[in-house]
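structure-v4.pdb follows; it contains PDB, C-alpha atoms and all ligand atoms.
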ATOM      1  CA  MET A   1      64.578 160.919  69.536
ATOM      2  CA  ASN A   2      68.096 161.932  68.581
ATOM      3  CA  MET A   3      70.865 159.372  68.264
ATOM      4  CA  LYS A   4      72.507 160.215  71.582
ATOM      5  CA  LYS A   5      69.236 159.900  73.496
ATOM      6  CA  PHE A   6      68.441 156.657  71.661
ATOM      7  CA  LEU A   7      71.801 155.160  72.621
ATOM      8  CA  SER A   8      71.477 156.149  76.236
ATOM      9  CA  VAL A   9      67.988 154.594  76.379
ATOM     10  CA  CYS A  10      69.448 151.425  74.876
ATOM     11  CA  ALA A  11      72.262 151.432  77.420
ATOM     12  CA  ALA A  12      69.794 151.889  80.276
ATOM     13  CA  GLY A  13      67.710 149.023  78.906
ATOM     14  CA  LEU A  14      70.727 146.744  78.670
ATOM     15  CA  THR A  15      71.781 147.621  82.199
ATOM     16  CA  ALA A  16      68.277 146.795  83.439
ATOM     17  CA  ILE A  17      68.372 143.426  81.658
ATOM     18  CA  ALA A  18      71.829 142.673  83.004
ATOM     19  CA  LEU A  19      70.759 143.606  86.527
ATOM     20  CA  SER A  20      67.567 141.578  86.469
ATOM     21  CA  ALA A  21      69.451 138.619  84.975
ATOM     22  CA  SER A  22      71.864 138.702  87.867
ATOM     23  CA  PHE A  23      69.004 138.390  90.353
ATOM     24  CA  VAL A  24      67.560 135.283  88.716
ATOM     25  CA  PRO A  25      69.428 132.129  89.772
ATOM     26  CA  ALA A  26      71.698 131.267  86.851
ATOM     27  CA  GLU A  27      70.117 127.866  86.264
ATOM     28  CA  ALA A  28      66.510 128.853  86.897
ATOM     29  CA  ASP A  29      65.256 127.279  83.698
ATOM     30  CA  GLN A  30      67.784 124.505  83.511
ATOM     31  CA  VAL A  31      65.157 122.075  82.209
ATOM     32  CA  ALA A  32      64.531 124.219  79.108
ATOM     33  CA  THR A  33      68.276 124.589  78.559
ATOM     34  CA  ILE A  34      68.759 120.815  78.785
ATOM     35  CA  GLN A  35      65.877 120.098  76.435
ATOM     36  CA  ALA A  36      67.133 122.627  73.901
ATOM     37  CA  ALA A  37      70.565 120.966  74.020
ATOM     38  CA  GLY A  38      69.030 117.497  73.615
ATOM     39  CA  LYS A  39      71.278 116.067  76.322
ATOM     40  CA  VAL A  40      71.701 116.093  80.063
ATOM     41  CA  VAL A  41      75.174 115.830  81.593
ATOM     42  CA  MET A  42      75.642 113.765  84.746
ATOM     43  CA  SER A  43      78.955 114.067  86.448
ATOM     44  CA  THR A  44      80.386 111.421  88.743
ATOM     45  CA  ASN A  45      83.535 109.794  90.053
ATOM     46  CA  ALA A  46      83.520 106.260  88.670
ATOM     47  CA  GLU A  47      85.663 104.722  91.412
ATOM     48  CA  PHE A  48      82.776 103.627  93.538
ATOM     49  CA  GLU A  49      81.423 100.203  92.699
ATOM     50  CA  PRO A  50      78.494  99.376  92.766
ATOM     51  CA  PHE A  51      77.208 102.972  92.457
ATOM     52  CA  GLU A  52      79.494 103.904  89.536
ATOM     53  CA  TYR A  53      82.438 102.104  88.034
ATOM     54  CA  LYS A  54      84.051 101.400  84.695
ATOM     55  CA  ASP A  55      83.157  98.356  82.682
ATOM     56  CA  SER A  56      85.624  98.558  79.744
ATOM     57  CA  ASN A  57      84.692 101.931  78.220
ATOM     58  CA  ASP A  58      81.319 102.324  79.902
ATOM     59  CA  ILE A  59      80.482 103.869  83.225
ATOM     60  CA  VAL A  60      77.910 101.610  84.831
ATOM     61  CA  GLY A  61      76.191 101.133  88.187
ATOM     62  CA  ILE A  62      73.201 102.181  90.224
ATOM     63  CA  ASP A  63      73.656 105.943  89.675
ATOM     64  CA  PRO A  64      73.953 105.727  85.850
ATOM     65  CA  GLU A  65      70.748 103.662  85.839
ATOM     66  CA  ILE A  66      68.882 106.306  87.858
ATOM     67  CA  ALA A  67      70.375 108.997  85.604
ATOM     68  CA  ALA A  68      69.113 107.150  82.519
ATOM     69  CA  LYS A  69      65.584 107.407  83.955
ATOM     70  CA  ILE A  70      66.070 111.150  84.496
ATOM     71  CA  ALA A  71      67.215 111.556  80.873
ATOM     72  CA  GLU A  72      64.237 109.511  79.707
ATOM     73  CA  LYS A  73      61.842 111.730  81.667
ATOM     74  CA  LEU A  74      63.450 114.825  80.126
ATOM     75  CA  GLY A  75      63.343 113.210  76.673
ATOM     76  CA  VAL A  76      67.069 113.755  76.069
ATOM     77  CA  GLU A  77      70.319 111.784  75.769
ATOM     78  CA  LEU A  78      72.442 111.093  78.840
ATOM     79  CA  GLU A  79      76.116 112.014  78.866
ATOM     80  CA  ILE A  80      78.333 110.965  81.789
ATOM     81  CA  THR A  81      81.577 112.653  82.761
ATOM     82  CA  ASP A  82      84.051 111.112  85.210
ATOM     83  CA  ILE A  83      86.146 113.433  87.416
ATOM     84  CA  ALA A  84      87.734 113.514  90.884
ATOM     85  CA  PHE A  85      85.165 113.304  93.674
ATOM     86  CA  ASP A  86      86.212 116.555  95.324
ATOM     87  CA  SER A  87      85.909 118.456  92.001
ATOM     88  CA  LEU A  88      82.285 117.433  91.420
ATOM     89  CA  ILE A  89      80.538 120.361  93.116
ATOM     90  CA  PRO A  90      82.856 123.164  91.915
ATOM     91  CA  SER A  91      82.798 121.774  88.374
ATOM     92  CA  MET A  92      78.987 121.568  88.232
ATOM     93  CA  ASN A  93      78.744 125.080  89.605
ATOM     94  CA  LYS A  94      80.963 126.255  86.745
ATOM     95  CA  GLY A  95      78.316 124.896  84.377
ATOM     96  CA  LYS A  96      80.191 121.754  83.349
ATOM     97  CA  ALA A  97      77.408 119.354  84.385
ATOM     98  CA  ASP A  98      73.659 119.415  84.974
ATOM     99  CA  PHE A  99      73.656 117.175  88.025
ATOM    100  CA  ILE A 100      75.903 114.989  90.164
ATOM    101  CA  ALA A 101      75.038 111.357  90.812
ATOM    102  CA  ALA A 102      77.944 109.919  92.746
ATOM    103  CA  GLY A 103      76.681 108.132  95.835
ATOM    104  CA  MET A 104      76.943 111.605  97.268
ATOM    105  CA  THR A 105      75.832 112.054 100.848
ATOM    106  CA  ALA A 106      73.487 114.966 101.376
ATOM    107  CA  THR A 107      75.246 117.066 104.011
ATOM    108  CA  GLU A 108      74.382 120.479 105.400
ATOM    109  CA  GLU A 109      77.753 121.863 104.349
ATOM    110  CA  ARG A 110      77.298 120.751 100.717
ATOM    111  CA  SER A 111      73.731 122.139 100.744
ATOM    112  CA  LYS A 112      75.264 125.611 100.898
ATOM    113  CA  ASN A 113      76.491 125.102  97.325
ATOM    114  CA  VAL A 114      74.001 122.688  95.750
ATOM    115  CA  ASP A 115      70.369 121.616  96.008
ATOM    116  CA  PHE A 116      69.858 117.954  96.859
ATOM    117  CA  SER A 117      67.072 115.762  95.525
ATOM    118  CA  VAL A 118      64.979 113.647  97.855
ATOM    119  CA  PRO A 119      67.271 110.912  99.223
ATOM    120  CA  TYR A 120      67.426 107.644  97.274
ATOM    121  CA  PHE A 121      69.660 105.432  99.401
ATOM    122  CA  ASN A 122      70.513 104.888 103.065
ATOM    123  CA  ALA A 123      74.216 104.330 103.510
ATOM    124  CA  SER A 124      76.857 104.271 106.197
ATOM    125  CA  GLN A 125      80.609 104.647 106.484
ATOM    126  CA  SER A 126      82.261 101.276 107.033
ATOM    127  CA  ILE A 127      85.650 100.340 108.364
ATOM    128  CA  ILE A 128      87.898  97.909 106.456
ATOM    129  CA  VAL A 129      90.882  96.349 108.236
ATOM    130  CA  LEU A 130      93.294  93.468 107.671
ATOM    131  CA  ALA A 131      91.840  90.116 108.726
ATOM    132  CA  ASP A 132      94.266  89.836 111.680
ATOM    133  CA  SER A 133      93.954  93.475 112.786
ATOM    134  CA  GLU A 134      93.573  94.446 116.431
ATOM    135  CA  ILE A 135      90.957  96.996 115.313
ATOM    136  CA  LYS A 136      87.581  95.425 116.080
ATOM    137  CA  SER A 137      85.291  98.429 116.568
ATOM    138  CA  ARG A 138      85.035 102.086 115.571
ATOM    139  CA  THR A 139      86.563 103.325 118.831
ATOM    140  CA  ASP A 140      89.668 101.218 118.115
ATOM    141  CA  LEU A 141      90.408 103.788 115.365
ATOM    142  CA  ASN A 142      91.532 106.245 118.048
ATOM    143  CA  ASP A 143      95.197 107.078 117.436
ATOM    144  CA  LYS A 144      95.359 105.009 114.224
ATOM    145  CA  THR A 145      96.286 105.978 110.647
ATOM    146  CA  VAL A 146      93.227 105.831 108.425
ATOM    147  CA  GLY A 147      92.942 105.859 104.617
ATOM    148  CA  VAL A 148      89.977 107.622 102.987
ATOM    149  CA  GLN A 149      88.838 108.831  99.576
ATOM    150  CA  GLN A 150      89.646 112.548  99.304
ATOM    151  CA  GLY A 151      86.745 114.899 100.033
ATOM    152  CA  THR A 152      84.242 112.213 100.995
ATOM    153  CA  THR A 153      82.231 112.063 104.195
ATOM    154  CA  GLY A 154      84.682 109.389 105.397
ATOM    155  CA  ASP A 155      87.467 111.973 104.956
ATOM    156  CA  ILE A 156      85.435 114.738 106.630
ATOM    157  CA  TYR A 157      84.517 112.508 109.582
ATOM    158  CA  CYS A 158      88.025 111.166 110.180
ATOM    159  CA  THR A 159      89.704 114.553 109.637
ATOM    160  CA  ASP A 160      87.295 116.059 112.188
ATOM    161  CA  GLU A 161      88.097 119.680 111.406
ATOM    162  CA  ASP A 162      85.232 120.972 113.551
ATOM    163  CA  GLY A 163      86.156 118.659 116.422
ATOM    164  CA  THR A 164      82.673 117.074 116.617
ATOM    165  CA  SER A 165      83.720 113.467 116.043
ATOM    166  CA  ASP A 166      84.046 111.172 119.039
ATOM    167  CA  ILE A 167      86.895 109.346 117.271
ATOM    168  CA  LYS A 168      90.320 111.003 117.207
ATOM    169  CA  VAL A 169      92.505 109.264 114.644
ATOM    170  CA  LYS A 170      96.241 109.913 114.525
ATOM    171  CA  ASP A 171      96.560 110.579 110.812
ATOM    172  CA  VAL A 172      94.337 110.641 107.715
ATOM    173  CA  LYS A 173      95.798 109.592 104.352
ATOM    174  CA  ARG A 174      93.743 110.754 101.371
ATOM    175  CA  TYR A 175      93.495 108.901  98.059
ATOM    176  CA  SER A 176      91.748 109.723  94.794
ATOM    177  CA  LYS A 177      90.501 106.115  94.571
ATOM    178  CA  GLY A 178      89.180 103.909  97.378
ATOM    179  CA  MET A 179      91.039 101.054  95.694
ATOM    180  CA  ASP A 180      94.390 102.800  96.286
ATOM    181  CA  ALA A 181      93.579 103.225  99.981
ATOM    182  CA  VAL A 182      92.920  99.490 100.170
ATOM    183  CA  SER A 183      96.239  98.714  98.441
ATOM    184  CA  ASP A 184      98.007 100.781 101.097
ATOM    185  CA  LEU A 185      96.082  98.924 103.815
ATOM    186  CA  ILE A 186      97.293  95.617 102.408
ATOM    187  CA  ALA A 187     100.833  97.036 102.208
ATOM    188  CA  GLY A 188     100.644  98.089 105.871
ATOM    189  CA  ARG A 189     100.835 101.833 105.211
ATOM    190  CA  VAL A 190      97.475 102.559 106.884
ATOM    191  CA  ASP A 191      95.740 100.716 109.746
ATOM    192  CA  ALA A 192      92.196 100.949 108.356
ATOM    193  CA  VAL A 193      90.171 102.342 105.466
ATOM    194  CA  VAL A 194      86.923 104.241 106.056
ATOM    195  CA  ILE A 195      84.620 104.162 103.039
ATOM    196  CA  ASP A 196      80.916 103.801 102.237
ATOM    197  CA  ASP A 197      79.321 100.498 103.120
ATOM    198  CA  PHE A 198      78.599  98.919  99.718
ATOM    199  CA  PRO A 199      81.837 100.028  98.059
ATOM    200  CA  ALA A 200      83.547  98.586 101.176
ATOM    201  CA  SER A 201      81.844  95.226 100.586
ATOM    202  CA  LYS A 202      82.943  95.249  96.942
ATOM    203  CA  LEU A 203      86.538  96.060  97.924
ATOM    204  CA  VAL A 204      86.585  93.276 100.540
ATOM    205  CA  GLU A 205      85.081  90.802  98.028
ATOM    206  CA  LYS A 206      88.120  91.375  95.815
ATOM    207  CA  ASN A 207      90.515  90.407  98.636
ATOM    208  CA  PRO A 208      88.488  88.087 100.875
ATOM    209  CA  GLU A 209      91.493  86.349 102.504
ATOM    210  CA  LYS A 210      93.240  89.563 103.501
ATOM    211  CA  LEU A 211      90.455  91.979 104.423
ATOM    212  CA  VAL A 212      87.405  92.226 106.642
ATOM    213  CA  LYS A 213      84.702  94.827 106.978
ATOM    214  CA  LEU A 214      83.754  95.533 110.584
ATOM    215  CA  ASP A 215      80.098  95.058 111.543
ATOM    216  CA  GLU A 216      80.012  98.375 113.322
ATOM    217  CA  ALA A 217      79.725 101.416 111.014
ATOM    218  CA  MET A 218      81.212 104.891 111.609
ATOM    219  CA  THR A 219      78.177 107.001 110.624
ATOM    220  CA  GLU A 220      74.762 106.732 108.967
ATOM    221  CA  GLU A 221      73.961 108.917 105.952
ATOM    222  CA  GLU A 222      71.715 109.346 102.897
ATOM    223  CA  TYR A 223      72.616 109.646  99.211
ATOM    224  CA  ALA A 224      70.943 112.235  97.008
ATOM    225  CA  ILE A 225      71.463 113.770  93.578
ATOM    226  CA  ALA A 226      73.013 117.246  93.597
ATOM    227  CA  MET A 227      71.911 120.056  91.290
ATOM    228  CA  PRO A 228      72.790 123.727  90.921
ATOM    229  CA  LYS A 229      71.057 125.864  93.517
ATOM    230  CA  GLY A 230      67.615 127.097  92.528
ATOM    231  CA  SER A 231      67.370 124.877  89.448
ATOM    232  CA  ASN A 232      63.967 123.656  88.267
ATOM    233  CA  LEU A 233      65.622 120.327  87.441
ATOM    234  CA  LYS A 234      65.034 119.363  91.077
ATOM    235  CA  GLU A 235      61.278 118.892  90.487
ATOM    236  CA  VAL A 236      61.980 116.442  87.663
ATOM    237  CA  VAL A 237      64.643 114.526  89.575
ATOM    238  CA  ASP A 238      62.506 114.295  92.731
ATOM    239  CA  GLN A 239      59.608 113.006  90.655
ATOM    240  CA  VAL A 240      61.766 110.346  88.957
ATOM    241  CA  ILE A 241      63.203 109.130  92.278
ATOM    242  CA  THR A 242      59.779 109.036  93.948
ATOM    243  CA  GLU A 243      58.313 107.081  91.025
ATOM    244  CA  LEU A 244      61.224 104.624  91.046
ATOM    245  CA  GLN A 245      60.760 104.126  94.792
ATOM    246  CA  GLU A 246      57.000 103.681  94.643
ATOM    247  CA  SER A 247      57.063 101.268  91.712
ATOM    248  CA  GLY A 248      59.750  99.086  93.305
ATOM    249  CA  GLU A 249      62.034  99.754  90.309
ATOM    250  CA  LEU A 250      64.706 101.340  92.470
ATOM    251  CA  ASP A 251      64.923  98.180  94.606
ATOM    252  CA  ALA A 252      65.184  96.144  91.409
ATOM    253  CA  ILE A 253      68.051  98.324  90.154
ATOM    254  CA  VAL A 254      69.881  98.115  93.493
ATOM    255  CA  SER A 255      69.509  94.341  93.746
ATOM    256  CA  LYS A 256      71.145  93.927  90.330
ATOM    257  CA  TYR A 257      74.355  95.219  91.919
ATOM    258  CA  ILE A 258      74.091  94.358  95.586
ATOM    259  CA  GLU A 259      73.492  91.048  97.285
ATOM    260  CA  VAL A 260      70.276  91.376  99.229
ATOM    261  CA  GLU A 261      69.890  89.024 102.189
ATOM    262  CA  GLY A 262      72.319  86.464 100.890
ATOM    263  CA  VAL A 263      70.806  86.308  97.410
ATOM    264  CA  GLU A 264      73.480  86.492  94.732
ATOM    265  CA  SER A 265      73.069  89.625  92.601
ATOM    266  CA  GLU A 266      72.623  89.400  88.828
ATOM    267  CA  ALA A 267      75.838  91.334  88.266
ATOM    268  CA  GLU A 268      77.737  88.785  90.413
ATOM    269  CA  ALA A 269      76.030  85.785  88.837
ATOM    270  CA  SER A 270      76.995  86.901  85.326
ATOM    271  CA  LYS A 271      80.708  87.260  86.207
TER     272      LYS A 271
HETATM  273  N1  LIG A 301      79.099 109.096 100.267
HETATM  274  C1  LIG A 301      80.387 109.657 100.344
HETATM  275  C2  LIG A 301      80.326 111.148 100.221
HETATM  276  O1  LIG A 301      79.383 111.705  99.774
HETATM  277  C3  LIG A 301      81.349 109.097  99.313
HETATM  278  C4  LIG A 301      80.921 109.201  97.897
HETATM  279  C5  LIG A 301      82.028 108.826  96.930
HETATM  280  N2  LIG A 301      81.493 108.703  95.621
HETATM  281  C6  LIG A 301      82.197 108.424  94.495
HETATM  282  N3  LIG A 301      81.551 108.307  93.382
HETATM  283  N4  LIG A 301      83.489 108.306  94.554
HETATM  284  O2  LIG A 301      81.235 111.828 100.556
END

Exercise: express the given structure as structure tokens:
Amino acid sequence: MNMKKFLSVCAAGLTAIALSASFVPAEADQVATIQAAGKVVMSTNAEFEPFEYKDSNDIVGIDPEIAAKIAEKLGVELEITDIAFDSLIPSMNKGKADFIAAGMTATEERSKNVDFSVPYFNASQSIIVLADSEIKSRTDLNDKTVGVQQGTTGDIYCTDEDGTSDIKVKDVKRYSKGMDAVSDLIAGRVDAVVIDDFPASKLVEKNPEKLVKLDEAMTEEEYAIAMPKGSNLKEVVDQVITELQESGELDAIVSKYIEVEGVESEAEASK
């Protein structure tokens, strides 16, 4: 074979490899990549107690504990990165994280861009108001100004872009932290805050004289871990969650952070 022919064969070969590579989902063997790196990167938004929050320099909560079990199963170290909630999916899809554990609700819309694990938690969107508010039920939110955390299901539901919600609020104010929405509620700049149930309880606990959480929730939803589409990491994550559920360990983790039926949680007791 002369040099020219040899080079053109090489070029054809490279093109074939490049083409076939582009047909395989980018993260198809994510597990091997993670194991070769010796670490798995979880990305979250640590403004969501009790699922993830900062305790001095550490990011702690229910999701980091589940993530630690995933790392253990993979036999690698766990690294956690903390970013804005609405950047989580785009950032993972740019390769900056292996999975998202962020009390993230599995929605159809998000499923277009990520694969979700089996669900690990049933949640709902709660409504927080001032103790003397005239808002007593979800329908009282009609024509009111509501604070939400940017890009969350609370935001999506209140914004109602597709017009499917039965509640028509007047205005939605978006915050990067649920805590900031609550500060504006206390300052009278919003009439209510819509946020996930357990974070809502934690926020109300911090201001028990001023705030109440309504009994009636806005929506019911399920949390799941998000991974790049087509990744084989999903099998591992599903297995870890199923094992934690079947062994009762998941309940044990949750009850460390959340009061269950009036029993004081360990995290509360140690404060
Ligand atoms: N469950 C809601 C959602 O998926 C809110 C999650 C917010 N999580 C967080 N770590 N800030 O939209």

ask   = For A:Ala226, which residue out of A:Asn57, A:Ser133, A:Thr242, A:Thr105 is the nearest one, using only C-alpha atoms?
value =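 Ranked by minimum distance to A:Ala226, first place goes to A:Thr105.
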
ask   = Selected by the PyMOL selection byres (((chain A and resi 139) around 12) and not hetatm) in the shown coordinates: which residues, as a ChimeraX atom specification?
value = /A:127,134-138,140-144,158,165-169,214,216-218

Distance filter 6 Å around ligand LIG 301 (chain A), atoms: only C-alpha atoms and all ligand atoms, out as a PDB file with C-alpha atoms, in the frame of the given file:
ATOM      1  CA  THR A  44      80.386 111.421  88.743  1.00  0.00           C
ATOM      2  CA  ASN A  45      83.535 109.794  90.053  1.00  0.00           C
ATOM      3  CA  ALA A  46      83.520 106.260  88.670  1.00  0.00           C
ATOM      4  CA  GLU A  47      85.663 104.722  91.412  1.00  0.00           C
ATOM      5  CA  PHE A  48      82.776 103.627  93.538  1.00  0.00           C
ATOM      6  CA  PHE A  85      85.165 113.304  93.674  1.00  0.00           C
ATOM      7  CA  ALA A 102      77.944 109.919  92.746  1.00  0.00           C
ATOM      8  CA  GLY A 103      76.681 108.132  95.835  1.00  0.00           C
ATOM      9  CA  MET A 104      76.943 111.605  97.268  1.00  0.00           C
ATOM     10  CA  THR A 105      75.832 112.054 100.848  1.00  0.00           C
ATOM     11  CA  THR A 152      84.242 112.213 100.995  1.00  0.00           C
ATOM     12  CA  THR A 153      82.231 112.063 104.195  1.00  0.00           C
ATOM     13  CA  ASP A 196      80.916 103.801 102.237  1.00  0.00           C
TER      14      ASP A 196
END

Distance criterion (only C-alpha atoms): nearest to A:Asn207 out of A:Glu235, A:Val148, A:Ser176, A:Leu130 =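 Selected residue with least distance to A:Asn207: A:Leu130.
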
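Remark: for A:Gly95, the closest of the candidate residues A:Ala32, A:Val212, A:Met227, A:Val146 is A:Met227 (distances computed over all atoms listed in the file).
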
ask   = Where does the PyMOL selection byres (((chain A and resi 30) around 12) and not hetatm) land in this file, that is, which residues does it pick, as a PyMOL selection string?
value = chain A and resi 24-29+31-37+39-41+74+95+97-99+227-236

Since we have the selection now, will you write its residues out, keeping C-alpha atoms, as a compact mmCIF listing (two decimals), keeping the file's coordinate frame?
# COMPACT_ATOMS: atom_id res chain seq x y z
CA VAL A 24 67.56 135.28 88.72
CA PRO A 25 69.43 132.13 89.77
CA ALA A 26 71.70 131.27 86.85
CA GLU A 27 70.12 127.87 86.26
CA ALA A 28 66.51 128.85 86.90
CA ASP A 29 65.26 127.28 83.70
CA VAL A 31 65.16 122.08 82.21
CA ALA A 32 64.53 124.22 79.11
CA THR A 33 68.28 124.59 78.56
CA ILE A 34 68.76 120.82 78.78
CA GLN A 35 65.88 120.10 76.44
CA ALA A 36 67.13 122.63 73.90
CA ALA A 37 70.56 120.97 74.02
CA LYS A 39 71.28 116.07 76.32
CA VAL A 40 71.70 116.09 80.06
CA VAL A 41 75.17 115.83 81.59
CA LEU A 74 63.45 114.82 80.13
CA GLY A 95 78.32 124.90 84.38
CA ALA A 97 77.41 119.35 84.38
CA ASP A 98 73.66 119.42 84.97
CA PHE A 99 73.66 117.18 88.02
CA MET A 227 71.91 120.06 91.29
CA PRO A 228 72.79 123.73 90.92
CA LYS A 229 71.06 125.86 93.52
CA GLY A 230 67.61 127.10 92.53
CA SER A 231 67.37 124.88 89.45
CA ASN A 232 63.97 123.66 88.27
CA LEU A 233 65.62 120.33 87.44
CA LYS A 234 65.03 119.36 91.08
CA GLU A 235 61.28 118.89 90.49
CA VAL A 236 61.98 116.44 87.66

inquiry  = Using Å and a single decimal, report how far atom CA of A:Glu77 sits from atom CA of A:Gly38.
reply    = 6.2 Å

Using all atoms of stretch 206-220 of chain A listed in the file and a margin of 3 Å per side, can you give the axis-aligned box centre and edge lengths in Å to one decimal, as lines of an AutoDock Vina configuration file?
center_x = 84.0
center_y = 96.7
center_z = 104.6
size_x = 24.5
size_y = 26.7
size_z = 23.5

request  = State, in Å with one decimal place, the distance from atom CA of A:Asp160 to atom CA of A:Asp197.
outcome  = 19.7 Å

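Nearest residue to A:Glu209, choosing from A:Ser87, A:Ser117, A:Ala68, A:Ile186 and counting all atoms listed in the file: A:Ile186.
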
ask   = Do you know which residues the PyMOL selection byres (((chain A and resi 122) around 10) and not hetatm) returns on this file, as a PyMOL selection string?
value = chain A and resi 105+119-121+123-124+197+220-224

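For the residues A:Ile89, A:Val76, A:Ala71, A:Ile258, ranking by smallest atom-to-atom distance to A:Phe116 using all atoms listed in the file places A:Ile89 first.
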
key: Distance criterion (all atoms listed in the file): nearest to A:Ile80 out of A:Met179, A:Ser43, A:Glu108, A:Met92   =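 Checking each candidate against A:Ile80, we get A:Ser43 as the closest.
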
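Separating atom CA of A:Val194 from atom CA of A:Gln245 is a distance of 28.5 Å.
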
request  = Quick one: everything within 10 Å of A:Leu244, counting all atoms listed in the file, minus sequence neighbours fewer than 4 positions away in the same chain. Send it as number ranges by chain.
outcome  = A: 66, 69, 120, 238-240, 248-253
